[in-house]
file run12.cif (mmCIF, C-alpha atoms and all ligand atoms)
data_start
#
loop_
_atom_site.label_atom_id
_atom_site.label_comp_id
_atom_site.auth_asym_id
_atom_site.auth_seq_id
_atom_site.Cartn_x
_atom_site.Cartn_y
_atom_site.Cartn_z
CA MET A 1 -48.84 -36.09 12.92
CA VAL A 2 -50.97 -33.38 11.30
CA SER A 3 -50.70 -29.81 12.65
CA LEU A 4 -53.17 -27.03 12.00
CA LEU A 5 -53.19 -23.38 13.07
CA PHE A 6 -56.54 -21.66 13.59
CA VAL A 7 -57.10 -17.89 13.50
CA THR A 8 -60.34 -15.96 13.07
CA ASP A 9 -61.96 -12.56 12.57
CA THR A 10 -58.97 -10.58 11.30
CA HIS A 11 -61.24 -7.80 9.94
CA ILE A 12 -58.64 -6.45 7.53
CA ARG A 13 -59.38 -2.82 6.61
CA GLY A 14 -57.48 0.26 5.55
CA THR A 15 -58.65 2.63 8.27
CA ALA A 16 -58.73 2.52 12.06
CA PRO A 17 -62.08 1.76 13.72
CA ARG A 18 -63.38 4.70 15.80
CA SER A 19 -62.56 2.87 18.99
CA ARG A 20 -58.83 2.46 18.23
CA VAL A 21 -56.24 5.07 19.17
CA ASP A 22 -53.18 3.31 17.69
CA ASP A 23 -52.08 2.56 14.13
CA PHE A 24 -54.67 -0.19 13.63
CA VAL A 25 -53.60 -1.17 10.12
CA GLY A 26 -49.93 -1.38 11.13
CA ALA A 27 -50.85 -3.43 14.21
CA LEU A 28 -52.90 -5.84 12.10
CA ARG A 29 -50.07 -6.18 9.59
CA GLY A 30 -47.75 -7.11 12.47
CA LYS A 31 -50.20 -9.64 13.88
CA LEU A 32 -50.70 -11.38 10.55
CA ALA A 33 -46.95 -11.47 9.97
CA GLU A 34 -46.67 -13.13 13.39
CA VAL A 35 -49.33 -15.69 12.42
CA VAL A 36 -47.24 -16.55 9.34
CA GLU A 37 -44.16 -16.83 11.56
CA ILE A 38 -45.93 -19.15 14.01
CA ALA A 39 -47.16 -21.32 11.11
CA HIS A 40 -43.57 -21.73 9.93
CA ARG A 41 -42.06 -22.20 13.36
CA GLU A 42 -44.62 -24.85 14.34
CA GLN A 43 -44.38 -26.44 10.88
CA VAL A 44 -48.13 -26.61 10.50
CA ASP A 45 -49.63 -28.37 7.49
CA ALA A 46 -52.37 -25.79 6.94
CA VAL A 47 -53.76 -22.59 8.42
CA LEU A 48 -57.51 -22.33 9.00
CA HIS A 49 -59.34 -19.00 9.13
CA GLY A 50 -62.82 -18.84 10.70
CA GLY A 51 -64.21 -15.98 8.58
CA ASP A 52 -64.31 -12.17 8.50
CA LEU A 53 -60.90 -12.10 6.88
CA PHE A 54 -61.95 -8.66 5.66
CA ASP A 55 -64.02 -6.04 7.44
CA ARG A 56 -65.99 -5.34 4.24
CA PRO A 57 -66.57 -7.26 1.01
CA ASP A 58 -65.30 -4.34 -1.09
CA ILE A 59 -62.12 -3.35 0.71
CA SER A 60 -59.82 -1.23 -1.50
CA PRO A 61 -57.34 -2.99 -3.82
CA ALA A 62 -54.41 -1.18 -2.15
CA VAL A 63 -55.32 -2.71 1.23
CA VAL A 64 -55.99 -6.15 -0.26
CA ARG A 65 -52.59 -6.00 -2.01
CA ASP A 66 -50.85 -4.99 1.21
CA PHE A 67 -52.27 -7.95 3.16
CA ALA A 68 -52.20 -10.47 0.28
CA ARG A 69 -48.42 -10.00 0.25
CA ILE A 70 -48.28 -11.12 3.88
CA LEU A 71 -50.65 -14.09 3.43
CA ARG A 72 -48.70 -15.22 0.35
CA GLN A 73 -45.68 -15.85 2.56
CA LEU A 74 -47.46 -18.85 4.04
CA GLU A 75 -45.95 -21.99 2.60
CA VAL A 76 -49.05 -24.05 3.36
CA PRO A 77 -52.72 -23.76 2.27
CA LEU A 78 -54.92 -21.19 4.01
CA TYR A 79 -58.47 -22.57 4.21
CA THR A 80 -61.22 -20.13 5.04
CA ILE A 81 -64.97 -19.58 5.11
CA ALA A 82 -66.89 -16.39 4.37
CA GLY A 83 -67.93 -14.41 7.43
CA ASN A 84 -70.77 -11.90 7.50
CA HIS A 85 -68.32 -9.05 6.88
CA ASP A 86 -66.79 -10.75 3.83
CA ILE A 87 -70.04 -10.84 1.86
CA TYR A 88 -72.78 -8.44 0.70
CA GLY A 89 -76.06 -8.29 2.60
CA HIS A 90 -75.28 -11.39 4.68
CA ASN A 91 -75.72 -13.43 1.50
CA PRO A 92 -72.99 -16.06 0.95
CA ASP A 93 -73.93 -16.29 -2.74
CA THR A 94 -72.25 -12.90 -3.20
CA VAL A 95 -68.80 -14.16 -2.17
CA ASP A 96 -67.60 -14.51 -5.76
CA ARG A 97 -67.83 -10.76 -6.27
CA SER A 98 -66.15 -9.91 -2.97
CA MET A 99 -62.46 -9.38 -2.34
CA LEU A 100 -62.40 -12.72 -0.51
CA GLY A 101 -63.70 -14.41 -3.67
CA LEU A 102 -60.95 -12.69 -5.62
CA LEU A 103 -58.22 -13.99 -3.27
CA ASP A 104 -59.74 -17.47 -3.65
CA ALA A 105 -59.51 -17.21 -7.45
CA PHE A 106 -55.84 -16.21 -7.14
CA GLY A 107 -55.16 -19.11 -4.78
CA ILE A 108 -54.09 -16.90 -1.85
CA VAL A 109 -56.89 -18.46 0.22
CA ARG A 110 -58.97 -21.58 -0.39
CA LEU A 111 -62.62 -20.93 0.30
CA LEU A 112 -64.50 -23.87 1.78
CA ARG A 113 -68.08 -23.94 0.57
CA PRO A 114 -70.88 -25.92 2.23
CA GLY A 115 -70.43 -29.64 1.58
CA GLU A 116 -66.87 -29.27 0.30
CA ARG A 117 -64.10 -31.31 1.96
CA ALA A 118 -60.41 -30.51 2.09
CA TRP A 119 -57.87 -33.07 3.24
CA VAL A 120 -54.72 -32.60 5.27
CA ARG A 121 -52.53 -35.71 5.50
CA ARG A 122 -49.17 -36.49 7.06
CA ASP A 123 -47.47 -39.53 8.63
CA GLY A 124 -50.51 -41.70 7.99
CA VAL A 125 -52.93 -39.31 9.76
CA ALA A 126 -55.79 -37.97 7.62
CA VAL A 127 -57.81 -34.93 8.72
CA GLN A 128 -60.87 -33.78 6.81
CA VAL A 129 -61.62 -30.06 6.95
CA THR A 130 -65.02 -28.56 6.18
CA GLY A 131 -66.60 -25.17 6.71
CA GLN A 132 -69.94 -23.44 6.97
CA PRO A 133 -69.95 -19.78 5.89
CA PHE A 134 -72.25 -17.24 7.49
CA HIS A 135 -75.83 -17.03 6.19
CA TYR A 136 -79.01 -15.44 7.49
CA ASP A 137 -80.56 -18.56 9.02
CA LEU A 138 -77.45 -19.51 10.98
CA ASP A 139 -78.23 -19.87 14.72
CA LYS A 140 -81.94 -19.57 13.87
CA ARG A 141 -82.53 -23.10 12.55
CA ASP A 142 -81.59 -26.63 13.70
CA PRO A 143 -77.91 -26.33 14.80
CA GLY A 144 -77.21 -29.71 13.16
CA ASP A 145 -77.82 -28.15 9.74
CA ASP A 146 -74.77 -25.93 10.12
CA TYR A 147 -72.57 -27.29 12.88
CA ARG A 148 -72.68 -31.03 12.09
CA VAL A 149 -70.79 -32.86 9.35
CA GLU A 150 -70.26 -36.51 8.53
CA LYS A 151 -66.80 -37.98 8.77
CA SER A 152 -65.76 -39.60 5.50
CA ASP A 153 -64.39 -43.12 5.35
CA GLY A 154 -60.66 -42.77 5.55
CA ALA A 155 -60.72 -39.69 7.78
CA ASP A 156 -59.10 -40.15 11.18
CA TYR A 157 -60.41 -36.80 12.35
CA ALA A 158 -63.04 -34.30 11.23
CA VAL A 159 -62.49 -30.57 11.75
CA HIS A 160 -65.41 -28.26 11.00
CA MET A 161 -65.34 -24.45 10.94
CA VAL A 162 -68.48 -22.33 11.32
CA HIS A 163 -68.80 -18.55 11.22
CA GLY A 164 -71.64 -18.73 13.72
CA MET A 165 -72.56 -17.34 17.13
CA ALA A 166 -71.66 -20.31 19.32
CA VAL A 167 -71.43 -19.18 22.95
CA GLU A 168 -71.01 -20.76 26.36
CA ARG A 169 -73.08 -18.07 28.09
CA ALA A 170 -76.44 -16.96 26.67
CA LEU A 171 -76.62 -13.61 24.83
CA PRO A 172 -79.51 -11.15 25.25
CA GLU A 173 -82.81 -12.10 23.66
CA GLY A 174 -82.98 -11.04 20.04
CA VAL A 175 -79.31 -11.86 19.33
CA ALA A 176 -79.24 -15.14 17.40
CA HIS A 177 -76.87 -17.56 19.12
CA THR A 178 -76.38 -21.26 19.86
CA MET A 179 -75.19 -22.66 23.17
CA VAL A 180 -72.06 -24.81 22.83
CA ASN A 181 -73.66 -27.63 24.82
CA GLN A 182 -75.99 -28.17 21.83
CA LEU A 183 -73.03 -28.55 19.50
CA TRP A 184 -71.48 -31.87 20.45
CA PHE A 185 -71.84 -34.13 17.42
CA GLU A 186 -70.56 -37.68 17.19
CA GLU A 187 -68.51 -37.23 14.02
CA VAL A 188 -67.10 -33.74 14.58
CA ASP A 189 -63.84 -34.06 16.49
CA VAL A 190 -63.01 -30.36 16.50
CA LEU A 191 -65.54 -27.58 15.95
CA LEU A 192 -63.89 -24.22 15.31
CA THR A 193 -66.02 -21.10 15.46
CA GLY A 194 -65.52 -17.39 14.86
CA HIS A 195 -68.02 -14.51 14.71
CA TYR A 196 -68.25 -14.12 18.50
CA HIS A 197 -65.24 -11.87 19.02
CA ALA A 198 -64.90 -12.45 22.75
CA GLY A 199 -64.25 -16.17 22.23
CA PHE A 200 -64.70 -18.65 25.08
CA PRO A 201 -62.61 -21.03 27.20
CA LEU A 202 -61.69 -24.37 25.63
CA GLN A 203 -64.68 -26.74 25.56
CA HIS A 204 -63.76 -30.42 25.86
CA ARG A 205 -65.92 -33.54 26.04
CA ASP A 206 -65.06 -37.20 25.33
CA GLY A 207 -62.00 -36.36 23.26
CA ARG A 208 -63.84 -33.71 21.22
CA TYR A 209 -63.30 -29.97 21.28
CA ILE A 210 -65.23 -26.78 20.56
CA ILE A 211 -62.91 -23.81 20.18
CA ASN A 212 -63.16 -20.07 19.58
CA PRO A 213 -59.94 -18.23 20.52
CA GLY A 214 -61.61 -14.84 19.91
CA ALA A 215 -61.01 -12.35 17.11
CA LEU A 216 -57.46 -11.49 16.07
CA ALA A 217 -58.56 -7.86 15.67
CA ARG A 218 -60.14 -5.79 18.43
CA ILE A 219 -62.47 -3.48 16.55
CA ASN A 220 -64.77 -2.35 19.33
CA ASN A 221 -64.15 -1.27 22.90
CA HIS A 222 -66.62 -3.36 24.83
CA PRO A 223 -65.23 -3.89 28.34
CA SER A 224 -64.51 -7.53 27.42
CA GLU A 225 -62.30 -6.36 24.53
CA MET A 226 -60.32 -4.10 26.90
CA LYS A 227 -59.15 -7.17 28.82
CA ARG A 228 -58.87 -9.66 25.99
CA MET A 229 -55.56 -10.52 24.32
CA PRO A 230 -55.57 -11.85 20.73
CA GLN A 231 -54.51 -15.47 20.33
CA VAL A 232 -54.45 -18.35 17.85
CA VAL A 233 -54.87 -22.09 18.32
CA LEU A 234 -52.42 -24.84 17.46
CA LEU A 235 -54.03 -28.25 16.86
CA ARG A 236 -52.05 -31.45 16.66
CA PHE A 237 -53.53 -34.75 15.54
CA ARG A 238 -51.84 -38.09 16.16
CA ASN A 239 -53.39 -40.91 18.21
CA ARG A 240 -55.09 -38.08 20.12
CA ILE A 241 -55.73 -34.37 19.69
CA ASP A 242 -53.58 -31.74 21.40
CA VAL A 243 -54.87 -28.17 21.66
CA ARG A 244 -52.71 -25.16 22.57
CA PHE A 245 -53.68 -21.49 22.68
CA LEU A 246 -50.79 -19.28 21.54
CA PRO A 247 -50.84 -15.59 22.41
CA ILE A 248 -49.94 -13.05 19.73
CA ALA A 249 -46.77 -11.55 21.19
CA CYS A 250 -46.85 -8.28 19.24
CA ALA A 251 -50.42 -7.40 20.33
CA ALA A 252 -50.58 -4.42 22.70
CA PRO A 253 -52.86 -4.50 25.78
CA GLY A 254 -56.43 -3.35 25.11
CA LYS A 255 -56.15 -0.32 27.36
CA THR A 256 -53.34 1.10 25.23
CA VAL A 257 -55.04 0.62 21.84
CA LEU A 258 -58.74 1.10 22.64
CA ASP A 259 -60.22 4.51 23.28
CA ARG A 260 -61.76 4.64 26.75
CA SER A 261 -63.32 8.07 26.32
CA TYR A 262 -65.34 6.74 23.42
CA LEU A 263 -66.42 3.84 25.62
CA GLU A 264 -67.52 6.20 28.35
CA LYS A 265 -69.42 8.35 25.85
CA ALA A 266 -71.07 5.25 24.41
CA ALA A 267 -72.09 4.07 27.89
CA TYR A 268 -73.54 7.52 28.61
CA ARG A 269 -75.46 7.51 25.32
CA GLU A 270 -76.74 4.00 25.98
CA GLU A 271 -77.94 5.00 29.42
CA LYS A 272 -79.70 8.10 28.00
CA MET A 273 -81.32 6.01 25.29
CA ALA A 274 -82.48 3.40 27.81
CA SER A 275 -84.10 6.03 30.03
CA PHE A 276 -85.67 7.70 26.97
CA VAL A 277 -87.14 4.40 25.83
CA GLN A 278 -88.41 3.76 29.34
CA GLU A 279 -90.10 7.16 29.48
CA VAL A 280 -91.67 6.59 26.09
CA ARG A 281 -92.90 3.14 27.12
CA ALA A 282 -94.31 4.54 30.37
CA ALA A 283 -96.21 7.17 28.39
CA GLY A 284 -98.39 4.78 26.45
CA GLU A 285 -99.06 1.49 24.81
CA PHE A 286 -96.87 1.52 21.75
CA LYS A 287 -97.53 -0.81 18.88
CA GLY A 288 -94.27 -0.15 17.10
CA ILE A 289 -90.81 -0.12 18.54
CA GLY A 290 -89.28 1.65 15.54
CA ILE A 291 -88.33 5.20 16.39
CA LEU A 292 -90.48 6.66 13.59
CA ASP A 293 -93.53 4.74 14.85
CA ILE A 294 -92.91 6.13 18.31
CA VAL A 295 -92.71 9.70 16.98
CA GLU A 296 -95.97 9.15 15.05
CA GLU A 297 -97.74 7.85 18.14
CA ILE A 298 -96.51 10.57 20.48
CA ALA A 299 -97.48 13.21 17.95
CA GLY A 300 -100.95 11.70 17.64
CA MET A 301 -101.50 11.37 21.39
CA GLU A 302 -100.21 14.77 22.33
CA GLY A 303 -101.71 16.62 19.38
CA ILE A 304 -98.31 17.87 18.30
CA ASP A 305 -98.05 20.29 15.40
CA GLY A 306 -97.44 18.64 12.00
CA GLU A 307 -94.44 20.84 11.32
CA VAL A 308 -92.72 19.79 14.55
CA LYS A 309 -93.38 16.16 13.73
CA SER A 310 -91.88 16.44 10.21
CA GLU A 311 -88.82 18.22 11.56
CA ALA A 312 -88.32 15.40 14.08
CA MET A 313 -88.67 12.81 11.31
CA ARG A 314 -86.24 14.71 9.09
CA ARG A 315 -83.59 14.86 11.83
CA ILE A 316 -83.97 11.15 12.56
CA ALA A 317 -83.49 10.30 8.88
CA VAL A 318 -80.33 12.43 8.70
CA ALA A 319 -78.94 10.76 11.85
CA GLN A 320 -79.78 7.28 10.54
CA GLU A 321 -78.06 7.98 7.24
CA GLN A 322 -74.95 9.19 9.05
CA LEU A 323 -74.91 6.06 11.18
CA ALA A 324 -75.29 3.85 8.09
CA GLY A 325 -72.42 5.71 6.40
CA GLU A 326 -70.11 5.01 9.31
CA GLY A 327 -70.71 1.32 8.82
CA GLY A 328 -71.18 -1.43 11.36
CA GLU A 329 -68.43 -2.42 13.69
CA GLY A 330 -70.15 -5.46 15.12
CA GLU A 331 -69.24 -9.12 14.92
MN MN B 1 -66.28 -10.74 12.94
#
call {"tool": "encode", "arguments": {"input": "run12.cif", "output": "C-alpha cells"}}
result
Amino acid sequence: MVSLLFVTDTHIRGTAPRSRVDDFVGALRGKLAEVVEIAHREQVDAVLHGGDLFDRPDISPAVVRDFARILRQLEVPLYTIAGNHDIYGHNPDTVDRSMLGLLDAFGIVRLLRPGERAWVRRDGVAVQVTGQPFHYDLDKRDPGDDYRVEKSDGADYAVHMVHGMAVERALPEGVAHTMVNQLWFEEVDVLLTGHYHAGFPLQHRDGRYIINPGALARINNHPSEMKRMPQVVLLRFRNRIDVRFLPIACAAPGKTVLDRSYLEKAAYREEKMASFVQEVRAAGEFKGIGILDIVEEIAGMEGIDGEVKSEAMRRIAVAQEQLAGEGGEGE
C-alpha cells in the first residue's frame, strides 16, 4: 500500500493578515507541526503540497528558517508545485529566485515542474505524481493542457496536482475558473487542486477522484472562511483508492480568529462602491470601466474645473498606491 498526505495553500508569512485577530504565525506553526505529526502517525510515504506554500515569493529569511525547521522534521519527501503567491508576477519561470526555489535547492521540498514525474512505491504498488504550477493561462485555455497527464507504463495510479481554480459551482464572470465536471480524464486517478481556498466536497466518478480540501491557512474573512475548518487529505492506494479528510485539531473556529468588524466594514464599502458604480453607469455611456477613465468622462460631461479633476486623480493614485503596498490577500 502507498499512502500520501495532501495539504495546500499554507500561505506562510511573518505577519498576520488584516482579517486575523489571533497570533496567525503561531497558529500556522502549530498547524504545520500537526501536519508533520499526522504524516508520521499515518506512516505516509510522501506529503504533497498543492502550492502557495508561501504568501509571497520573497518572504524574509527569518520566517523561512522558522518554517523550514518544521518541514525538515518530515521523514518523507515533500512534493510541491508553485502557486501564484510563490512566484513573481504570476510567472512560473521566476520560481528559481523565490524562497520556494531556495527550499527546493536545499532539498526541503521537491518542486514538481511541468512534465516531471515523481514515483512513490511500496508493497508492489507504484504511484506516479505530477504537478502543474500556476501560470497566467491556467483556467483560460483547454483544461486538458493543464489538468490531464498520461499514466506511464508501470504506474498503477496517477496523481496530478494543479494550482488552478477548479470549482464545483461557477464563480462570477471575469474570474478564471474550470468546472470540475470538465476535469475527468481517463488516466488521472486522483486530481488534487489548491488555489480555491474554500475547497469543495469530494468529487468521485468511476473510481477516480477530484479533491480540494481547502486552504490550510484562512487569510481572508469571507463568510465561507468563517465557517470553514482547515483539513488535509489522506490517500491510500492498494487494489483501490481510499480517501479520508482529516481535520486539523489545533485549528481554532473561524469566528474566534477572523475579524468580523473588518468583514462588516468591507461589506459596507462594497455596497457603497456598488451603488457608486451604479450611479456612474446611470449617468452616461462610459467607454472605460477604469476609475480614471470614469473621472475623465464625468469631468468632460459636467464641465468640471481642471483643478478639481487633477485633485481627484491625485487622490486616486495615492489610494491605489496604498492598496498596492498592503499587498493582495486573495487566492
Ligand atoms: Mn492560495
call {"tool": "closest_residue", "arguments": {"input": "run12.cif", "among": "A:Asn221, A:Ser3, A:Thr130, A:Asn84", "to": "ligand MN 1 (chain B)", "atoms": "all atoms listed in the file"}}
result
A:Asn84
call {"tool": "residues_around", "arguments": {"input": "run12.cif", "residues": "Leu234 of chain A", "least_positions_apart": "4", "cutoff": "10 Å", "atoms": "all atoms listed in the file", "output": "PyMOL selection string"}}
result
chain A and resi 3-7+38-39+42+44+47+242-246
call {"tool": "closest_residue", "arguments": {"input": "run12.cif", "among": "A:Val233, A:Leu111, A:Ala166, A:Ala46", "to": "Pro247 of chain A", "atoms": "all atoms listed in the file"}}
result
A:Val233
call {"tool": "residues_around", "arguments": {"input": "run12.cif", "residues": "Glu34 of chain A", "least_positions_apart": "6", "cutoff": "8 Å", "atoms": "all atoms listed in the file", "output": "JSON, numbers by chain"}}
result
{"A": [248, 249, 250]}
call {"tool": "atom_distance", "arguments": {"input": "run12.cif", "atom1": "atom CA of Ile81 of chain A", "atom2": "atom CA of Gly50 of chain A"}}
result
6.0 Å
call {"tool": "residues_near_ligand", "arguments": {"input": "run12.cif", "ligand": "ligand MN 1 (chain B)", "cutoff": "8 Å", "atoms": "all atoms listed in the file", "output": "list in words"}}
result
Thr8, Asp9, Thr10, His11, Gly51, Asp52, Asp55, Gly83, Asn84, His85, Gly194, His195, Tyr196, His197, Ala215, Gly330 and Glu331 of chain A
call {"tool": "atom_distance", "arguments": {"input": "run12.cif", "atom1": "atom CA of Val129 of chain A", "atom2": "atom CA of Ala33 of chain A"}}
result
23.9 Å
call {"tool": "atom_distance", "arguments": {"input": "run12.cif", "atom1": "atom CA of Leu102 of chain A", "atom2": "atom CA of Glu75 of chain A"}}
result
19.5 Å
call {"tool": "residues_around", "arguments": {"input": "run12.cif", "residues": "Gly164 of chain A", "least_positions_apart": "5", "cutoff": "9 Å", "atoms": "all atoms listed in the file", "output": "JSON list (two decimals) with C-alpha atoms, in the frame of the given file"}}
result
[["chain", "number", "residue", "atom", "x", "y", "z"],
["A", 83, "GLY", "CA", -67.93, -14.41, 7.43],
["A", 132, "GLN", "CA", -69.94, -23.44, 6.97],
["A", 133, "PRO", "CA", -69.95, -19.78, 5.89],
["A", 134, "PHE", "CA", -72.25, -17.24, 7.49],
["A", 135, "HIS", "CA", -75.83, -17.03, 6.19],
["A", 138, "LEU", "CA", -77.45, -19.51, 10.98],
["A", 139, "ASP", "CA", -78.23, -19.87, 14.72],
["A", 146, "ASP", "CA", -74.77, -25.93, 10.12],
["A", 147, "TYR", "CA", -72.57, -27.29, 12.88],
["A", 177, "HIS", "CA", -76.87, -17.56, 19.12],
["A", 178, "THR", "CA", -76.38, -21.26, 19.86],
["A", 193, "THR", "CA", -66.02, -21.10, 15.46],
["A", 194, "GLY", "CA", -65.52, -17.39, 14.86],
["A", 195, "HIS", "CA", -68.02, -14.51, 14.71],
["A", 196, "TYR", "CA", -68.25, -14.12, 18.50]]
call {"tool": "residues_around", "arguments": {"input": "run12.cif", "residues": "Glu187 of chain A", "least_positions_apart": "2", "cutoff": "6 Å", "atoms": "all atoms listed in the file", "output": "ChimeraX atom specification"}}
result
/A:150-151,185
call {"tool": "write_last_selection", "arguments": {"input": "run12.cif", "atoms": "C-alpha atoms", "output": "PDB file, keeping the file's coordinate frame"}}
result
ATOM      1  CA  GLU A 150     -70.260 -36.510   8.530  1.00  0.00           C
ATOM      2  CA  LYS A 151     -66.800 -37.980   8.770  1.00  0.00           C
ATOM      3  CA  PHE A 185     -71.840 -34.130  17.420  1.00  0.00           C
TER       4      PHE A 185
END
call {"tool": "decode", "arguments": {"input": "run12.cif", "residues": "segment 226-247 of chain A", "atoms": "N, CA, C and O atoms", "output": "PDB file, in the first residue's frame"}}
result
ATOM      1  N   MET A 226     -15.339  31.943   7.502  1.00  0.00           N
ATOM      2  CA  MET A 226     -15.783  31.964   8.897  1.00  0.00           C
ATOM      3  C   MET A 226     -16.213  30.565   9.341  1.00  0.00           C
ATOM      4  O   MET A 226     -15.998  30.160  10.463  1.00  0.00           O
ATOM      5  N   LYS A 227     -16.859  29.844   8.425  1.00  0.00           N
ATOM      6  CA  LYS A 227     -17.434  28.535   8.776  1.00  0.00           C
ATOM      7  C   LYS A 227     -16.456  27.389   8.548  1.00  0.00           C
ATOM      8  O   LYS A 227     -16.586  26.329   9.119  1.00  0.00           O
ATOM      9  N   ARG A 228     -15.482  27.612   7.677  1.00  0.00           N
ATOM     10  CA  ARG A 228     -14.645  26.519   7.206  1.00  0.00           C
ATOM     11  C   ARG A 228     -13.571  26.115   8.224  1.00  0.00           C
ATOM     12  O   ARG A 228     -12.935  26.960   8.814  1.00  0.00           O
ATOM     13  N   MET A 229     -13.359  24.818   8.385  1.00  0.00           N
ATOM     14  CA  MET A 229     -12.276  24.342   9.238  1.00  0.00           C
ATOM     15  C   MET A 229     -11.180  23.723   8.371  1.00  0.00           C
ATOM     16  O   MET A 229     -11.462  22.929   7.478  1.00  0.00           O
ATOM     17  N   PRO A 230      -9.916  24.091   8.645  1.00  0.00           N
ATOM     18  CA  PRO A 230      -8.807  23.550   7.843  1.00  0.00           C
ATOM     19  C   PRO A 230      -8.706  22.027   7.970  1.00  0.00           C
ATOM     20  O   PRO A 230      -8.943  21.476   9.050  1.00  0.00           O
ATOM     21  N   GLN A 231      -8.358  21.390   6.872  1.00  0.00           N
ATOM     22  CA  GLN A 231      -8.226  19.935   6.874  1.00  0.00           C
ATOM     23  C   GLN A 231      -7.186  19.497   5.845  1.00  0.00           C
ATOM     24  O   GLN A 231      -6.767  20.278   4.989  1.00  0.00           O
ATOM     25  N   VAL A 232      -6.761  18.245   5.958  1.00  0.00           N
ATOM     26  CA  VAL A 232      -5.831  17.646   4.997  1.00  0.00           C
ATOM     27  C   VAL A 232      -6.465  16.357   4.492  1.00  0.00           C
ATOM     28  O   VAL A 232      -7.519  15.946   4.990  1.00  0.00           O
ATOM     29  N   VAL A 233      -5.843  15.748   3.499  1.00  0.00           N
ATOM     30  CA  VAL A 233      -6.432  14.546   2.898  1.00  0.00           C
ATOM     31  C   VAL A 233      -5.429  13.397   2.942  1.00  0.00           C
ATOM     32  O   VAL A 233      -4.263  13.562   2.554  1.00  0.00           O
ATOM     33  N   LEU A 234      -5.904  12.263   3.425  1.00  0.00           N
ATOM     34  CA  LEU A 234      -5.084  11.059   3.440  1.00  0.00           C
ATOM     35  C   LEU A 234      -5.550  10.155   2.295  1.00  0.00           C
ATOM     36  O   LEU A 234      -6.733   9.827   2.196  1.00  0.00           O
ATOM     37  N   LEU A 235      -4.596   9.788   1.431  1.00  0.00           N
ATOM     38  CA  LEU A 235      -4.910   8.934   0.274  1.00  0.00           C
ATOM     39  C   LEU A 235      -4.187   7.610   0.444  1.00  0.00           C
ATOM     40  O   LEU A 235      -2.993   7.585   0.744  1.00  0.00           O
ATOM     41  N   ARG A 236      -4.936   6.521   0.238  1.00  0.00           N
ATOM     42  CA  ARG A 236      -4.309   5.204   0.328  1.00  0.00           C
ATOM     43  C   ARG A 236      -4.576   4.434  -0.949  1.00  0.00           C
ATOM     44  O   ARG A 236      -5.718   4.344  -1.398  1.00  0.00           O
ATOM     45  N   PHE A 237      -3.505   3.883  -1.502  1.00  0.00           N
ATOM     46  CA  PHE A 237      -3.598   3.165  -2.772  1.00  0.00           C
ATOM     47  C   PHE A 237      -3.240   1.706  -2.553  1.00  0.00           C
ATOM     48  O   PHE A 237      -2.127   1.396  -2.112  1.00  0.00           O
ATOM     49  N   ARG A 238      -4.158   0.821  -2.804  1.00  0.00           N
ATOM     50  CA  ARG A 238      -3.856  -0.623  -2.862  1.00  0.00           C
ATOM     51  C   ARG A 238      -4.563  -1.149  -4.090  1.00  0.00           C
ATOM     52  O   ARG A 238      -4.294  -0.644  -5.169  1.00  0.00           O
ATOM     53  N   ASN A 239      -5.503  -2.139  -3.943  1.00  0.00           N
ATOM     54  CA  ASN A 239      -6.244  -2.534  -5.147  1.00  0.00           C
ATOM     55  C   ASN A 239      -7.344  -1.524  -5.478  1.00  0.00           C
ATOM     56  O   ASN A 239      -7.995  -1.584  -6.504  1.00  0.00           O
ATOM     57  N   ARG A 240      -7.543  -0.562  -4.549  1.00  0.00           N
ATOM     58  CA  ARG A 240      -8.455   0.558  -4.805  1.00  0.00           C
ATOM     59  C   ARG A 240      -7.908   1.773  -4.066  1.00  0.00           C
ATOM     60  O   ARG A 240      -6.908   1.668  -3.348  1.00  0.00           O
ATOM     61  N   ILE A 241      -8.588   2.899  -4.242  1.00  0.00           N
ATOM     62  CA  ILE A 241      -8.127   4.133  -3.601  1.00  0.00           C
ATOM     63  C   ILE A 241      -9.059   4.466  -2.442  1.00  0.00           C
ATOM     64  O   ILE A 241     -10.283   4.458  -2.605  1.00  0.00           O
ATOM     65  N   ASP A 242      -8.485   4.733  -1.271  1.00  0.00           N
ATOM     66  CA  ASP A 242      -9.276   5.218  -0.132  1.00  0.00           C
ATOM     67  C   ASP A 242      -8.949   6.688   0.091  1.00  0.00           C
ATOM     68  O   ASP A 242      -7.769   7.057   0.055  1.00  0.00           O
ATOM     69  N   VAL A 243      -9.971   7.488   0.342  1.00  0.00           N
ATOM     70  CA  VAL A 243      -9.768   8.920   0.580  1.00  0.00           C
ATOM     71  C   VAL A 243     -10.380   9.282   1.931  1.00  0.00           C
ATOM     72  O   VAL A 243     -11.527   8.927   2.207  1.00  0.00           O
ATOM     73  N   ARG A 244      -9.588   9.949   2.777  1.00  0.00           N
ATOM     74  CA  ARG A 244     -10.123  10.401   4.079  1.00  0.00           C
ATOM     75  C   ARG A 244      -9.733  11.850   4.317  1.00  0.00           C
ATOM     76  O   ARG A 244      -8.556  12.197   4.189  1.00  0.00           O
ATOM     77  N   PHE A 245     -10.695  12.674   4.688  1.00  0.00           N
ATOM     78  CA  PHE A 245     -10.399  14.053   5.091  1.00  0.00           C
ATOM     79  C   PHE A 245     -10.085  14.038   6.584  1.00  0.00           C
ATOM     80  O   PHE A 245     -10.833  13.449   7.363  1.00  0.00           O
ATOM     81  N   LEU A 246      -8.976  14.644   6.972  1.00  0.00           N
ATOM     82  CA  LEU A 246      -8.606  14.696   8.387  1.00  0.00           C
ATOM     83  C   LEU A 246      -8.612  16.152   8.850  1.00  0.00           C
ATOM     84  O   LEU A 246      -7.902  16.987   8.287  1.00  0.00           O
ATOM     85  N   PRO A 247      -9.404  16.461   9.863  1.00  0.00           N
ATOM     86  CA  PRO A 247      -9.416  17.846  10.349  1.00  0.00           C
ATOM     87  C   PRO A 247      -8.103  18.173  11.063  1.00  0.00           C
ATOM     88  O   PRO A 247      -7.447  17.277  11.595  1.00  0.00           O
TER      89      PRO A 247
END
